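Asker: Dropping in start_25.cif, with mmCIF, C-alpha atoms.
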```
data_data
loop_
_atom_site.label_atom_id
_atom_site.label_comp_id
_atom_site.auth_asym_id
_atom_site.auth_seq_id
_atom_site.Cartn_x
_atom_site.Cartn_y
_atom_site.Cartn_z
CA MET A 1 -13.96 -14.02 13.20
CA ARG A 2 -16.02 -11.66 15.34
CA THR A 3 -14.88 -8.22 16.48
CA PHE A 4 -13.40 -8.20 19.97
CA HIS A 5 -14.26 -11.92 19.99
CA ALA A 6 -17.68 -10.74 21.16
CA ASP A 7 -16.13 -9.73 24.50
CA PRO A 8 -16.81 -6.14 25.68
CA ALA A 9 -13.77 -6.34 27.99
CA ILE A 10 -11.42 -6.66 24.97
CA LYS A 11 -12.88 -3.53 23.39
CA ALA A 12 -12.70 -1.64 26.68
CA GLN A 13 -9.04 -2.54 27.17
CA ALA A 14 -8.13 -1.54 23.60
CA LEU A 15 -9.88 1.83 23.97
CA ASP A 16 -8.29 2.39 27.36
CA ARG A 17 -4.78 1.77 26.02
CA LEU A 18 -5.32 4.08 23.06
CA ARG A 19 -6.81 6.85 25.19
CA ARG A 20 -3.93 6.66 27.66
CA HIS A 21 -1.43 7.24 24.86
CA ILE A 22 -3.46 10.14 23.48
CA ALA A 23 -3.77 11.73 26.94
CA ALA A 24 -0.05 11.26 27.65
CA GLY A 25 1.00 12.82 24.35
CA SER A 26 2.68 9.58 23.27
CA PHE A 27 0.30 8.92 20.38
CA VAL A 28 2.23 9.34 17.11
CA TYR A 29 1.83 8.79 13.38
CA PHE A 30 5.00 6.71 13.15
CA PRO A 31 6.64 4.43 14.17
CA ALA A 32 4.14 1.90 15.44
CA TRP A 33 5.87 1.21 18.75
CA GLN A 34 9.12 2.77 19.95
CA ASP A 35 10.44 4.45 23.10
CA GLY A 36 7.01 4.53 24.72
CA ASN A 37 5.40 6.19 21.69
CA ALA A 38 2.73 4.35 19.74
CA ASN A 39 0.56 4.69 16.66
CA ALA A 40 -3.01 3.32 16.40
CA ILE A 41 -1.71 -0.25 16.14
CA GLY A 42 1.13 -0.10 18.67
CA ALA A 43 -1.02 1.64 21.30
CA VAL A 44 -3.33 -1.36 21.47
CA VAL A 45 -1.01 -4.37 21.10
CA GLU A 46 2.14 -2.68 22.44
CA ALA A 47 4.16 -3.95 19.47
CA ASP A 48 4.73 -3.16 15.80
CA ASP A 49 2.51 -6.07 14.83
CA THR A 50 -0.51 -5.53 12.56
CA PRO A 51 -1.44 -9.24 12.33
CA LEU A 52 -1.49 -9.37 16.15
CA TYR A 53 -3.81 -6.31 16.22
CA ALA A 54 -6.15 -7.98 13.71
CA GLU A 55 -6.14 -11.25 15.62
CA THR A 56 -6.55 -9.68 19.07
CA LEU A 57 -9.42 -7.41 18.09
CA GLY A 58 -11.06 -9.56 15.41
CA TYR A 59 -10.64 -7.24 12.42
CA PRO A 60 -9.92 -8.61 8.92
CA LEU A 61 -6.19 -8.21 8.35
CA ALA A 62 -6.78 -6.08 5.24
CA LEU A 63 -8.73 -3.56 7.36
CA ALA A 64 -6.16 -3.51 10.17
CA GLU A 65 -3.49 -2.93 7.53
CA MET A 66 -5.32 0.23 6.47
CA LEU A 67 -5.72 1.78 9.91
CA PRO A 68 -2.35 3.61 10.10
CA MET A 69 -2.83 4.88 6.55
CA PHE A 70 -6.26 6.28 7.34
CA VAL A 71 -4.88 7.89 10.51
CA ASN A 72 -1.96 9.41 8.59
CA GLY A 73 -4.44 11.17 6.30
CA PHE A 74 -5.53 13.40 9.18
CA LEU A 75 -3.77 16.60 10.19
CA PRO A 76 -3.08 17.82 12.82
CA LEU A 77 -2.29 14.95 15.19
CA ALA A 78 -5.34 15.72 17.36
CA GLU A 79 -7.57 15.00 14.35
CA ALA A 80 -5.68 11.78 13.72
CA ALA A 81 -6.21 10.75 17.34
CA ARG A 82 -9.91 11.58 17.05
CA PHE A 83 -10.20 9.23 14.07
CA ALA A 84 -8.22 6.46 15.77
CA GLU A 85 -10.50 6.66 18.80
CA ALA A 86 -13.66 6.69 16.65
CA TRP A 87 -12.40 3.60 14.80
CA LEU A 88 -12.35 1.55 17.99
CA ASP A 89 -15.26 3.23 19.74
CA ARG A 90 -17.68 2.81 16.84
CA THR A 91 -16.72 -0.79 15.97
CA PRO A 92 -19.60 -2.95 17.17
CA ILE A 93 -18.83 -5.89 19.44
CA GLY A 94 -19.33 -9.33 17.88
CA ALA A 95 -19.59 -8.26 14.22
CA ASP A 96 -18.19 -10.22 11.28
CA LEU A 97 -16.44 -7.57 9.16
CA THR A 98 -15.15 -9.83 6.38
CA GLY A 99 -17.60 -8.39 3.83
CA ILE A 100 -16.35 -4.84 4.25
CA VAL A 101 -13.15 -5.24 2.21
CA PRO A 102 -14.84 -6.46 -1.00
CA GLN A 103 -17.62 -3.92 -0.47
CA LEU A 104 -15.08 -1.09 -0.25
CA ILE A 105 -13.17 -2.28 -3.30
CA ILE A 106 -16.41 -2.32 -5.28
CA GLU A 107 -17.06 1.25 -4.17
CA LEU A 108 -13.51 2.39 -5.02
CA LEU A 109 -13.78 0.82 -8.49
CA GLY A 110 -16.95 2.85 -9.00
CA ALA A 111 -15.26 6.23 -8.37
CA PRO A 112 -16.61 8.59 -11.05
CA ALA A 113 -13.16 9.93 -11.98
CA LEU A 114 -11.97 6.38 -12.57
CA THR A 115 -14.93 5.26 -14.63
CA SER A 116 -14.69 8.39 -16.77
CA VAL A 117 -11.30 7.08 -17.92
CA THR A 118 -12.08 3.35 -18.13
CA ALA A 119 -15.18 4.16 -20.22
CA ARG A 120 -12.81 5.22 -23.02
CA TYR A 121 -11.11 1.82 -23.07
CA PRO A 122 -13.61 -1.03 -23.67
CA GLU A 123 -11.23 -3.81 -22.57
CA LEU A 124 -10.24 -2.05 -19.34
CA GLU A 125 -13.88 -1.22 -18.62
CA ARG A 126 -14.88 -4.86 -19.15
CA LEU A 127 -12.15 -5.98 -16.75
CA ARG A 128 -13.23 -3.37 -14.18
CA THR A 129 -16.76 -4.80 -14.22
CA ASP A 130 -15.44 -8.40 -14.20
CA ILE A 131 -13.42 -7.63 -11.07
CA ILE A 132 -16.44 -6.01 -9.41
CA ALA A 133 -18.43 -9.15 -10.28
CA LEU A 134 -15.81 -11.37 -8.59
CA HIS A 135 -15.92 -9.25 -5.42
CA ARG A 136 -19.75 -9.37 -5.48
CA GLN A 137 -19.53 -13.14 -5.81
CA SER A 138 -17.33 -13.33 -2.71
CA LEU A 139 -19.88 -11.21 -0.82
CA ARG A 140 -22.42 -13.95 -1.54
CA ALA A 141 -20.02 -16.43 0.12
CA GLU A 142 -19.27 -18.05 -3.25
CA ALA A 143 -15.53 -17.41 -3.24
CA PRO A 144 -14.19 -17.34 -6.83
CA ASP A 145 -11.28 -19.72 -7.34
CA ARG A 146 -7.66 -18.69 -7.69
CA LYS A 147 -7.67 -19.21 -11.46
CA ALA A 148 -10.54 -16.76 -11.96
CA TRP A 149 -8.68 -14.04 -10.06
CA LYS A 150 -5.43 -14.76 -11.82
CA ALA A 151 -6.98 -14.67 -15.29
CA VAL A 152 -8.62 -11.30 -14.72
CA ARG A 153 -5.51 -9.91 -13.01
CA LEU A 154 -3.10 -10.81 -15.79
CA SER A 155 -5.58 -9.51 -18.37
CA ALA A 156 -5.75 -6.22 -16.46
CA VAL A 157 -1.95 -5.92 -16.44
CA ALA A 158 -1.85 -6.56 -20.19
CA ALA A 159 -4.69 -4.09 -20.81
CA THR A 160 -2.90 -1.40 -18.79
CA ASP A 161 0.31 -1.99 -20.72
CA ARG A 162 -1.60 -1.52 -23.97
CA LEU A 163 -3.13 1.83 -22.95
CA GLU A 164 -2.07 4.46 -25.42
CA GLY A 165 -3.46 7.48 -23.61
CA SER A 166 -1.81 9.75 -21.09
CA LYS A 167 0.12 8.77 -17.99
CA VAL A 168 -3.05 9.51 -16.00
CA ASP A 169 -4.90 6.84 -17.98
CA ARG A 170 -2.19 4.37 -17.12
CA HIS A 171 -2.68 5.17 -13.43
CA ALA A 172 -6.37 4.34 -13.92
CA GLY A 173 -5.36 0.95 -15.32
CA GLN A 174 -3.18 0.33 -12.29
CA VAL A 175 -6.16 0.91 -9.98
CA VAL A 176 -8.12 -1.78 -11.83
CA GLU A 177 -5.28 -4.31 -11.77
CA SER A 178 -4.61 -3.68 -8.05
CA ALA A 179 -8.20 -4.63 -7.20
CA ALA A 180 -7.96 -8.04 -8.90
CA TRP A 181 -7.30 -10.02 -5.73
CA PRO A 182 -9.63 -11.62 -3.18
CA GLY A 183 -10.62 -9.35 -0.28
CA THR A 184 -8.99 -11.80 2.11
CA MET A 185 -5.56 -10.74 0.89
CA ARG A 186 -3.79 -8.42 3.32
CA THR A 187 -2.72 -5.73 0.86
CA VAL A 188 -5.52 -5.65 -1.74
CA LEU A 189 -7.41 -2.77 -0.14
CA ARG A 190 -4.21 -0.87 0.62
CA ASP A 191 -2.97 -1.19 -2.96
CA THR A 192 -6.32 -0.33 -4.55
CA LEU A 193 -6.79 2.75 -2.37
CA ALA A 194 -3.19 3.88 -2.90
CA GLY A 195 -3.65 3.42 -6.64
CA LEU A 196 -6.88 5.41 -6.69
CA SER A 197 -5.40 8.20 -4.59
CA THR A 198 -2.36 8.41 -6.90
CA PHE A 199 -4.59 8.40 -9.97
CA GLU A 200 -6.77 11.19 -8.55
CA MET A 201 -3.69 13.22 -7.62
CA HIS A 202 -2.29 12.98 -11.16
CA LEU A 203 -5.70 13.85 -12.56
CA ALA A 204 -5.82 16.97 -10.36
CA LEU A 205 -2.28 17.97 -11.36
CA ALA A 206 -3.14 17.53 -15.04
CA ALA A 207 -6.26 19.67 -14.54
CA ILE A 208 -4.20 22.60 -13.24
CA GLY A 209 -1.64 22.14 -15.99
CA TRP A 210 1.19 21.10 -13.65
CA THR A 211 3.82 19.19 -15.63
CA GLU A 212 6.94 17.15 -14.94
CA ASP A 213 8.91 20.09 -16.34
CA ASP A 214 7.36 22.35 -13.67
CA GLU A 215 8.30 19.80 -11.02
CA SER A 216 11.83 19.71 -12.38
CA ARG A 217 12.07 23.54 -12.45
CA VAL A 218 11.07 23.76 -8.79
CA PHE A 219 13.56 21.05 -7.89
CA HIS A 220 16.41 22.94 -9.59
CA ILE A 221 15.38 26.26 -8.02
CA ARG A 222 15.47 24.61 -4.60
CA GLN A 223 18.82 22.99 -5.39
CA GLN A 224 20.33 26.28 -6.61
CA ALA A 225 19.16 28.03 -3.44
CA GLU A 226 21.04 25.47 -1.38
CA ILE A 227 24.20 26.32 -3.33
CA ASP A 228 23.93 30.14 -3.33
CA GLY A 229 22.21 30.53 0.05
CA HIS A 230 19.34 32.61 -1.38
CA LEU A 231 16.91 33.59 1.42
CA ALA A 232 18.80 31.30 3.79
CA GLU A 233 17.17 33.04 6.75
CA LEU A 234 13.99 31.10 5.89
CA HIS A 235 13.49 27.35 6.02
CA GLY A 236 11.66 24.52 4.28
CA ILE A 237 8.54 25.19 2.29
CA GLU A 238 8.37 28.79 3.57
CA ARG A 239 11.75 29.49 1.97
CA LEU A 240 10.83 27.81 -1.30
CA LEU A 241 7.57 29.78 -1.57
CA ALA A 242 9.40 33.04 -0.81
CA ILE A 243 11.96 32.34 -3.56
CA LEU A 244 9.24 31.47 -6.05
CA ASP A 245 7.25 34.61 -5.12
CA ALA A 246 10.32 36.79 -5.52
CA ASP A 247 11.77 35.38 -8.73
CA HIS A 248 9.18 33.17 -10.46
CA SER A 249 5.74 34.61 -9.74
CA ALA A 250 3.77 32.59 -12.32
CA LEU A 251 5.39 29.36 -11.16
CA ALA A 252 4.64 30.35 -7.54
CA VAL A 253 0.92 30.54 -8.30
CA GLN A 254 1.02 27.15 -9.98
CA PHE A 255 3.08 25.62 -7.19
CA ARG A 256 0.50 26.68 -4.59
CA ARG A 257 -2.21 25.04 -6.69
CA ARG A 258 -0.04 21.92 -6.88
CA MET A 259 0.30 21.89 -3.09
CA ASN A 260 -3.48 22.12 -2.75
CA ALA A 261 -3.94 19.24 -5.21
CA MET A 262 -1.49 17.10 -3.24
CA GLU A 263 -3.31 17.89 -0.01
CA GLU A 264 -6.62 16.96 -1.61
CA SER A 265 -5.27 13.50 -2.37
CA ARG A 266 -5.24 12.88 1.40
CA GLN A 267 -8.98 13.42 1.33
CA ARG A 268 -9.48 10.05 -0.36
CA TYR A 269 -7.90 8.36 2.68
CA ARG A 270 -9.97 10.39 5.13
CA SER A 271 -13.27 9.76 3.37
CA THR A 272 -12.55 6.05 2.96
CA GLY A 273 -11.60 5.80 6.64
CA TRP A 274 -14.91 7.31 7.72
CA ARG A 275 -16.72 5.07 5.23
CA VAL A 276 -15.13 2.00 6.86
CA ILE A 277 -16.43 3.14 10.24
CA GLU A 278 -19.89 3.67 8.76
CA LEU A 279 -19.85 0.17 7.24
CA MET A 280 -18.61 -1.37 10.50
CA GLU A 281 -21.43 0.30 12.42
CA GLY A 282 -23.94 -1.14 9.96
CA THR A 283 -22.66 -4.72 10.25
CA PRO A 284 -24.98 -7.08 12.12
CA THR A 285 -23.62 -8.43 15.40
CA ALA A 286 -23.82 -11.97 16.77
CA VAL A 287 -26.74 -12.54 19.13
CA MET B 1 9.77 -18.45 3.81
CA ARG B 2 13.34 -19.43 4.58
CA ASP B 3 16.33 -17.19 5.23
CA ALA B 4 19.50 -17.91 3.27
CA THR B 5 23.00 -17.08 4.45
CA GLU B 6 26.44 -17.15 2.89
CA LEU B 7 26.78 -20.68 4.27
CA ASN B 8 23.62 -22.24 2.86
CA PHE B 9 22.68 -20.07 -0.15
CA ASP B 10 23.92 -22.53 -2.76
CA GLU B 11 22.13 -25.40 -1.08
CA ILE B 12 18.72 -23.79 -0.62
CA VAL B 13 18.67 -21.53 -3.68
CA LEU B 14 20.93 -22.80 -6.43
CA ARG B 15 20.27 -26.49 -5.82
CA ASN B 16 16.55 -26.05 -5.15
CA GLU B 17 14.31 -28.22 -7.35
CA LYS B 18 11.74 -25.45 -7.51
CA PRO B 19 12.27 -21.97 -8.91
CA VAL B 20 13.26 -19.55 -6.14
CA LEU B 21 12.39 -15.90 -5.69
CA VAL B 22 15.25 -14.39 -3.71
CA ASP B 23 14.43 -11.25 -1.71
CA PHE B 24 17.55 -9.19 -0.94
CA TRP B 25 16.67 -6.92 1.97
CA ALA B 26 18.10 -5.17 5.05
CA PRO B 27 16.63 -4.33 8.46
CA TRP B 28 16.97 -0.54 7.86
CA CYS B 29 15.18 -0.61 4.49
CA ALA B 30 11.62 0.78 4.80
CA PRO B 31 10.52 -0.24 1.27
CA CYS B 32 11.73 -3.78 2.07
CA LYS B 33 9.55 -3.76 5.17
CA ALA B 34 6.57 -2.53 3.15
CA LEU B 35 7.12 -5.36 0.66
CA ALA B 36 7.20 -8.08 3.34
CA PRO B 37 3.41 -8.66 3.69
CA THR B 38 3.09 -8.96 -0.08
CA LEU B 39 5.86 -11.55 -0.18
CA ASP B 40 4.27 -13.47 2.71
CA GLU B 41 1.06 -13.82 0.75
CA LEU B 42 2.84 -14.47 -2.53
CA ALA B 43 4.66 -17.35 -0.82
CA GLN B 44 1.28 -18.90 -0.01
CA GLU B 45 -0.14 -18.14 -3.44
CA TYR B 46 2.77 -19.86 -5.20
CA ALA B 47 3.59 -22.50 -2.59
CA ALA B 48 3.21 -25.33 -5.08
CA GLU B 49 5.27 -23.67 -7.81
CA MET B 50 8.15 -21.87 -6.14
CA GLU B 51 9.91 -20.95 -2.91
CA ILE B 52 10.66 -17.48 -1.60
CA VAL B 53 14.01 -17.11 0.17
CA LYS B 54 15.14 -13.98 2.01
CA VAL B 55 18.72 -12.71 2.16
CA ASP B 56 19.66 -10.05 4.71
CA ILE B 57 22.46 -8.23 2.88
CA GLU B 58 23.70 -6.57 6.07
CA ALA B 59 24.35 -9.95 7.64
CA ASN B 60 25.53 -11.48 4.35
CA PRO B 61 27.52 -8.82 2.46
CA ALA B 62 29.37 -11.43 0.39
CA LEU B 63 26.08 -12.48 -1.21
CA ALA B 64 25.27 -8.87 -2.05
CA GLU B 65 28.68 -8.56 -3.69
CA ARG B 66 28.43 -11.90 -5.48
CA PHE B 67 25.08 -10.99 -7.05
CA GLU B 68 25.97 -7.33 -7.61
CA VAL B 69 23.16 -6.00 -5.45
CA ARG B 70 23.34 -2.23 -5.91
CA GLY B 71 20.04 -1.35 -4.28
CA ILE B 72 17.22 -2.95 -2.32
CA PRO B 73 14.62 -4.31 -2.29
CA LEU B 74 15.92 -6.48 -5.09
CA LEU B 75 14.06 -9.59 -6.18
CA MET B 76 15.80 -12.24 -8.24
CA VAL B 77 14.32 -15.36 -9.83
CA VAL B 78 16.59 -18.40 -9.89
CA ARG B 79 15.66 -21.47 -11.91
CA HIS B 80 17.76 -24.59 -12.28
CA GLY B 81 20.59 -22.86 -10.44
CA LYS B 82 20.71 -19.82 -12.71
CA GLU B 83 19.41 -16.28 -12.38
CA VAL B 84 16.71 -15.74 -15.01
CA ALA B 85 15.31 -12.34 -14.02
CA ARG B 86 15.59 -9.58 -11.44
CA THR B 87 13.60 -6.51 -10.51
CA PHE B 88 14.64 -3.67 -8.26
CA GLY B 89 12.61 -1.23 -6.20
CA THR B 90 9.01 -0.97 -5.17
CA LEU B 91 6.63 -2.99 -7.27
CA SER B 92 2.90 -3.29 -6.81
CA ARG B 93 1.59 -6.63 -5.70
CA THR B 94 -0.11 -7.17 -9.04
CA ARG B 95 3.01 -6.29 -11.04
CA LEU B 96 5.08 -8.54 -8.81
CA ASP B 97 2.62 -11.35 -9.43
CA ALA B 98 2.88 -10.78 -13.18
CA PHE B 99 6.69 -10.80 -12.90
CA VAL B 100 6.65 -14.08 -10.97
CA ASP B 101 4.09 -15.62 -13.29
CA GLU B 102 6.20 -14.78 -16.33
CA HIS B 103 9.48 -16.10 -14.96
CA VAL B 104 8.41 -18.93 -12.70
CA SER B 105 5.67 -20.58 -14.73
CA ALA B 106 7.59 -20.63 -18.02
CA ASP B 107 9.66 -23.74 -18.67
#
```
Please express what this file holds, its structure, as structure tokens.
Answerer:
Amino acid sequence: MRTFHADPAIKAQALDRLRRHIAAGSFVYFPAWQDGNANAIGAVVEADDTPLYAETLGYPLALAEMLPMFVNGFLPLAEAARFAEAWLDRTPIGADLTGIVPQLIIELLGAPALTSVTARYPELERLRTDIIALHRQSLRAEAPDRKAWKAVRLSAVAATDRLEGSKVDRHAGQVVESAAWPGTMRTVLRDTLAGLSTFEMHLALAAIGWTEDDESRVFHIRQQAEIDGHLAELHGIERLLAILDADHSALAVQFRRRMNAMEESRQRYRSTGWRVIELMEGTPTAV
Amino acid sequence: MRDATELNFDEIVLRNEKPVLVDFWAPWCAPCKALAPTLDELAQEYAAEMEIVKVDIEANPALAERFEVRGIPLLMVVRHGKEVARTFGTLSRTRLDAFVDEHVSAD
């Protein structure tokens, strides 16, 4: 399948619809299509229908599936709109994008933070490289058969279950097992990226010493405030931070670092989104 | 994928020759919606071995009661007319595949 079915008019119409929503202030993160508001998918196909978006514009379904998630990684909404517009604007007309999904998965499986963990577990590391090899094989148009994927996938699940390290290490195993599907599958990129982002977030939280007990303490402080009305003149996160600053200063410092770590996990989505655009731009187009 | 109702559940699930993965869901359930693409592809992946059947518990509350569905999404494997396994909540595609492989392939 070729992007925009090699028809410049299809691209122009898609861009026009998106830009009209952005200009009218009806471009939203969620839902896809409701009450005249639309996200990056709904704005173009005027429905909550990702397969229709993929079919209409000629994107692999696994890439179209990712678009709202990439967009949601951008704050504020104007930045999200800028990305959504760049996605369409910089997609070449008449390109075959099917190789991008396996290429991205190979890149995600090579993330240094991930390999620093898998390197400590020979079986998991072997499976990581086996899965990369299968994706490379599909890039050469020699699609591995179903049995090959299944064998490596079930081995990855078993290897993850056998990990004896920390919870973070287990998240690393889940990234590897998520990637053990052909790139033609709708959710393989979504699951692999979500897994990597979660792994990196837990790694960052472990690095700052944030524990489940800390999370639980903050939860109970928030719950108690609801009961006793402490600092009720404030709202949301502002109120929670004020309570922590007033009564739990050490925890307040840690909680701010936790918030930063959580925010950083969005960066993985943003950087991967821009990487997709870069790969799309570099894809040869039909003559 | 077929939809089962209170009227035809026994026919298309319990008397099915193949193992059946029953997906209990509801229109308001966001995790159920997120699971739908995975189930679509799983239905293709396992077309020869099993059938996936969806049950809307809002439209079919008696089925939710009969199978003691306390939360959704709930996936239940039925083989030879009997429930052999169930899993509740969000599950990764790979873990769902492993769950199906364990309970559908074994005879």
Asker: Which is closest to chain A among B:Glu6, B:Glu11, B:Glu41, B:Glu58, if we use all atoms listed in the file?
Answerer: B:Glu41
Asker: Hey, what comes out of the PyMOL selection byres ((chain A) within 8 of (chain B)) on this file? Could you write it as an NGL selection string?
Answerer: :A and (153-154 or 157 or 177-178 or 180 or 185-187 or 191)
Asker: Determine the residue membership of the PyMOL selection byres ((chain A and resi 74) around 12) for the file above and supply it as an MDAnalysis selection string.
Answerer: chainID A and resid 28:29 67:73 75:84 263:274
Asker: Return as a count of residues only the set of residues that the PyMOL selection byres ((chain B and resi 9) around 12) yields on the displayed structure.
Answerer: 28
Asker: Restricting the calculation to all atoms listed in the file, which member of A:Ala43, A:Ala14, A:Asp214, A:Leu189 is positioned closest to Phe27 in chain A?
Answerer: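 When distances to Phe27 in chain A are compared using all atoms listed in the file, the smallest one comes from A:Ala43.
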Asker: So that I can check the surroundings of Leu196 in chain A, please list as a PyMOL selection string every protein, DNA and RNA residue that reaches within 12 Å of it, counting only C-alpha atoms and ignoring chain neighbours fewer than 6 positions away.
Answerer: chain A and resi 105+107-115+168-179+189-190+202-203+265-269+272
Asker: If the box runs along x, y and z of the file and leaves 6 Å on each side of range 6-20 of chain B, what are its centre and edge lengths in Å, one decimal, as AutoDock Vina command-line options?
Answerer:
```
--center_x 19.3 --center_y -22.7 --center_z -2.3 --size_x 27.0 --size_y 23.1 --size_z 25.2
```
Asker: Have a look at CA of Gly94 in chain A and CA of Ser138 in chain A and let me know their distance in Å, one decimal.
Answerer: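 Taking CA of Gly94 in chain A as the start and CA of Ser138 in chain A as the end point, the length is 21.1 Å.
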Asker: If you measure from CA of Asn39 in chain A to CA of Arg20 in chain A, what distance in Å do you get, rounded to one decimal?
Answerer: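 Separation of CA of Asn39 in chain A and CA of Arg20 in chain A: 12.0 Å.
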Asker: Fewer than 3 positions away in the same chain doesn't count, so skip those; otherwise give me all residues within 8 Å of Thr283 in chain A, counting all atoms listed in the file, as an NGL selection string.
Answerer: :A and (92 or 95-97 or 279-280)
Asker: Can you tell me, as a PyMOL selection string, what residues are no more than 10 Å from His135 in chain A when counting only C-alpha atoms, ignoring any on the same chain fewer than 3 positions away?
Answerer: chain A and resi 99+101-106+129-132+138-144+149+179-183
Asker: May I have the selected residues written with C-alpha atoms, as a PDB file, in the frame of the given file?
Answerer:
```
ATOM      1  CA  GLY A  99     -17.600  -8.390   3.830  1.00  0.00           C
ATOM      2  CA  VAL A 101     -13.150  -5.240   2.210  1.00  0.00           C
ATOM      3  CA  PRO A 102     -14.840  -6.460  -1.000  1.00  0.00           C
ATOM      4  CA  GLN A 103     -17.620  -3.920  -0.470  1.00  0.00           C
ATOM      5  CA  LEU A 104     -15.080  -1.090  -0.250  1.00  0.00           C
ATOM      6  CA  ILE A 105     -13.170  -2.280  -3.300  1.00  0.00           C
ATOM      7  CA  ILE A 106     -16.410  -2.320  -5.280  1.00  0.00           C
ATOM      8  CA  THR A 129     -16.760  -4.800 -14.220  1.00  0.00           C
ATOM      9  CA  ASP A 130     -15.440  -8.400 -14.200  1.00  0.00           C
ATOM     10  CA  ILE A 131     -13.420  -7.630 -11.070  1.00  0.00           C
ATOM     11  CA  ILE A 132     -16.440  -6.010  -9.410  1.00  0.00           C
ATOM     12  CA  SER A 138     -17.330 -13.330  -2.710  1.00  0.00           C
ATOM     13  CA  LEU A 139     -19.880 -11.210  -0.820  1.00  0.00           C
ATOM     14  CA  ARG A 140     -22.420 -13.950  -1.540  1.00  0.00           C
ATOM     15  CA  ALA A 141     -20.020 -16.430   0.120  1.00  0.00           C
ATOM     16  CA  GLU A 142     -19.270 -18.050  -3.250  1.00  0.00           C
ATOM     17  CA  ALA A 143     -15.530 -17.410  -3.240  1.00  0.00           C
ATOM     18  CA  PRO A 144     -14.190 -17.340  -6.830  1.00  0.00           C
ATOM     19  CA  TRP A 149      -8.680 -14.040 -10.060  1.00  0.00           C
ATOM     20  CA  ALA A 179      -8.200  -4.630  -7.200  1.00  0.00           C
ATOM     21  CA  ALA A 180      -7.960  -8.040  -8.900  1.00  0.00           C
ATOM     22  CA  TRP A 181      -7.300 -10.020  -5.730  1.00  0.00           C
ATOM     23  CA  PRO A 182      -9.630 -11.620  -3.180  1.00  0.00           C
ATOM     24  CA  GLY A 183     -10.620  -9.350  -0.280  1.00  0.00           C
TER      25      GLY A 183
END
```
Asker: Could you give me, as a PyMOL selection string, the residues within 12 Å of Glu226 in chain A, counting all atoms listed in the file and dropping anything in the same chain fewer than 4 positions from it?
Answerer: chain A and resi 219-222+230-236+239-240+243
Asker: If you measure from CA of Asp35 in chain A to CA of Arg19 in chain A, what distance in Å do you get, rounded to one decimal?
Answerer: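 Distance reported for this atom pair: 17.5 Å.
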Asker: Env of Cys29 in chain B: 12 Å cut, atoms = only C-alpha atoms, seq-sep filter 3 positions within chain, self excluded. Answer as a list in words.
Answerer: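 Surrounding residues, per the criterion: Phe24, Trp25, Ala26, Cys32, Lys33, Ala34, Leu35, Ala36, Asp56, Ile57, Glu58, Gly71, Ile72, Pro73, Leu74, Gly89 and Thr90 of chain B.
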